[in-house]
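**Student:** The structure is given below, and queries will be raised subsequently.
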Amino acid sequence: MMHKIKSLFKKIIKKLAGIPNNKKSRLLMLIISAFIAAVSVLVGLLTNVIAAIAAAVLLIILSAFPAYVNTKTVYWLSKERPTSYFQDLRFRNMEGIVVGSTKAWKYLDMNDLEDRIYNCTTYKRAFAMDFATLKTYYSHVRKGGRVILVVDYEEAEEIGYKILPRDFNYIHPHIFLQLGKKADKEKAALPLIYYPGFTLRYFFYKLKKNMGGYRKGSWKLSKDKNLDINTEKVKKMVDKIDAVVHFCWDRELEPEVLLLNAGADNNCANDIIRAYFAPRFPEVNIQLVDDAAKMNELIRA
């Protein structure tokens, strides 16, 4: 019984989320909403008018909200997609490119940097997909240019190797063909249904970002270190960063790695990562970063 209820609920939300893409459905939704309002008002004439009107307004808002969230999420993600230099000639021979974590996406101040640094940050993306994004857009950077990799160890571990529909829109399809992956257009069009947690968090974070909520802020910083951290996992991250570094060198680009300190796991992992690179590759500019101001300072250097 519960399975049937969940299935029915999913179908209802799916229909609501898809409404903005269909004019007939939008018209139908408007008629239904108007009908709900009319019935509520008529009932209110016999009972409590104010309560009936309030209930009608609430029903209309609740019915439209999923569609609005889904539509705005798809729109915002498409707008954030890095622009090809075939579409905008400004993005040829850039001084550098920045790829990285959610914290970089939130707190990176791109004011006066748009024509110098190519911004490929985004919300909640797997490290492997960050690397794939770099492979897609590195050619926007001139020879000897900077590749700024912003690493948030805890976030990378949390996301793992997850691929989201957004990634198929950002990254060159040949990379996914090599992985044996194909884009799913339905999931890309209906993220609220298939990735509700990601979609709702992204929606509200993006809303806050658009309102300037991150311009003068930073992330929370702890001085603790998890000395019991799984060093094998950290070593895997070292190998991933090492692969990015050599990818850059092979293409005459200068890699810079910003390790974001934050929680106990990050702080300990960053020390291990830096200790690995320092003696082996002293030419790699690898920095520990405690706050957004320092991150922006290094990127603007």
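We label chains A, B, ... in the order they appear in the structure tokens, count residues from 1 in each chain, and number ligands from 1 in the order shown.
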Can you list, as an MDAnalysis selection string, every residue of segment 103-169 of chain A that DSSP puts in strand (DSSP E)?

**Tutor:** chainID A and resid 117:119 141:151

**Student:** Which neighbours of Phe127 of chain A fall inside 8 Å, counting only C-alpha atoms, when residues of the same chain fewer than 6 positions from it are skipped, and could you give them as a PDB file with N, CA and C atoms, in the first residue's frame?

**Tutor:**
```
ATOM      1  N   GLY A 100      36.656  23.750  -9.175  1.00  0.00           N
ATOM      2  CA  GLY A 100      36.688  23.311  -7.790  1.00  0.00           C
ATOM      3  C   GLY A 100      35.367  23.196  -7.073  1.00  0.00           C
ATOM      4  N   ALA A 156      34.699  16.069  -1.444  1.00  0.00           N
ATOM      5  CA  ALA A 156      35.059  15.061  -2.447  1.00  0.00           C
ATOM      6  C   ALA A 156      34.717  13.658  -1.956  1.00  0.00           C
ATOM      7  N   GLY A 160      31.867  11.375  -3.771  1.00  0.00           N
ATOM      8  CA  GLY A 160      32.384  10.167  -4.406  1.00  0.00           C
ATOM      9  C   GLY A 160      32.497  10.325  -5.910  1.00  0.00           C
ATOM     10  N   TYR A 161      31.925   9.385  -6.648  1.00  0.00           N
ATOM     11  CA  TYR A 161      32.040   9.413  -8.115  1.00  0.00           C
ATOM     12  C   TYR A 161      30.689   9.700  -8.775  1.00  0.00           C
TER      13      TYR A 161
END
```

**Student:** Under the rule that only C-alpha atoms are counted, which of A:Leu258, A:Ile97, A:Ile286, A:Ile299 is the nearest residue to Gly144 of chain A?

**Tutor:**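 Checking each of A:Leu258, A:Ile97, A:Ile286, A:Ile299 against Gly144 of chain A, counting only C-alpha atoms, the winner is A:Ile97.
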
**Student:** Using only C-alpha atoms, tabulate the residues of segment 255-278 of chain A lying at most 7 Å from any atom of segment 207-231 of chain A, each with its closest atom pair and that distance in Å to one decimal, by chain and increasing residue number, as CSV.

**Tutor:**
```
residue,atom,partner,partner_atom,distance
A:Asn261,CA,A:Leu221,CA,6.8
A:Ala262,CA,A:Leu221,CA,4.4
A:Gly263,CA,A:Ser222,CA,5.2
A:Ala264,CA,A:Lys225,CA,4.1
A:Asp265,CA,A:Asn226,CA,5.3
A:Asn267,CA,A:Lys225,CA,5.6
A:Cys268,CA,A:Lys225,CA,5.1
```

**Student:** Store the residues of this selection in a file with N, CA and C atoms, as a compact mmCIF listing (two decimals), in the first residue's frame.

**Tutor:**
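Result file again-v1.txt:
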```txt
# COMPACT_ATOMS: atom_id res chain seq x y z
N ASN A 261 41.04 24.31 4.18
CA ASN A 261 40.89 23.87 5.56
C ASN A 261 39.46 24.17 6.02
N ALA A 262 38.90 23.29 6.81
CA ALA A 262 37.55 23.52 7.33
C ALA A 262 37.34 22.64 8.56
N GLY A 263 36.85 21.40 8.35
CA GLY A 263 36.64 20.49 9.47
C GLY A 263 37.89 19.68 9.78
N ALA A 264 37.78 18.81 10.78
CA ALA A 264 38.92 18.02 11.26
C ALA A 264 39.49 17.12 10.16
N ASP A 265 38.62 16.51 9.34
CA ASP A 265 39.09 15.64 8.26
C ASP A 265 39.88 16.43 7.22
N ASN A 267 41.47 19.30 7.58
CA ASN A 267 42.72 19.83 8.11
C ASN A 267 43.82 18.77 8.13
N CYS A 268 43.44 17.56 8.53
CA CYS A 268 44.43 16.48 8.61
C CYS A 268 44.81 16.00 7.20
```

**Student:** In terms of the shortest atom-to-atom distance over only C-alpha atoms, which of A:Ile193, A:Ile148, A:Met129, A:Val245 is closest to Ile163 of chain A?

**Tutor:**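 Among the listed residues, the smallest separation from Ile163 of chain A belongs to A:Met129.
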
**Student:** Please, what distance in Å, to one decimal, runs between atom CA of Glu155 of chain A and atom CA of Tyr75 of chain A?

**Tutor:** 24.5 Å

**Student:** So the first atom is atom CA of His246 of chain A and the second is atom CA of Leu288 of chain A; what is the distance between them in Å, to one decimal place?

**Tutor:**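 About the pair atom CA of His246 of chain A and atom CA of Leu288 of chain A: they are 20.3 Å apart.
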
**Student:** Would you please extract all alpha helix (DSSP H) residues from segment 47-255 of chain A, as assigned by DSSP on the backbone, and give them as an NGL selection string?

**Tutor:** :A and (49-80 or 102-107 or 127-137 or 153-159 or 165-170 or 173-179 or 185-189 or 191-194 or 196-210 or 231-250)

**Student:** Determine, for each residue of segment 117-173 of chain A having at least one atom at most 12 Å from an atom of segment 66-73 of chain A, the closest pair of atoms and their separation in Å to one decimal, counting only C-alpha atoms; order by chain and ascending number, as a Markdown table.

**Tutor:**
```
| residue | atom | partner | partner_atom | distance |
| --- | --- | --- | --- | --- |
| A:Tyr123 | CA | A:Thr73 | CA | 11.6 |
| A:Pro165 | CA | A:Thr73 | CA | 11.8 |
| A:Arg166 | CA | A:Thr73 | CA | 10.2 |
```

**Student:** Could you dump the residues just selected with C-alpha atoms as a PDB file, in the first residue's frame?

**Tutor:**
```
ATOM      1  CA  TYR A 123      27.742  23.374  -6.797  1.00  0.00           C
ATOM      2  CA  PRO A 165      22.712  15.310 -15.415  1.00  0.00           C
ATOM      3  CA  ARG A 166      24.321  18.766 -15.216  1.00  0.00           C
TER       4      ARG A 166
END
```
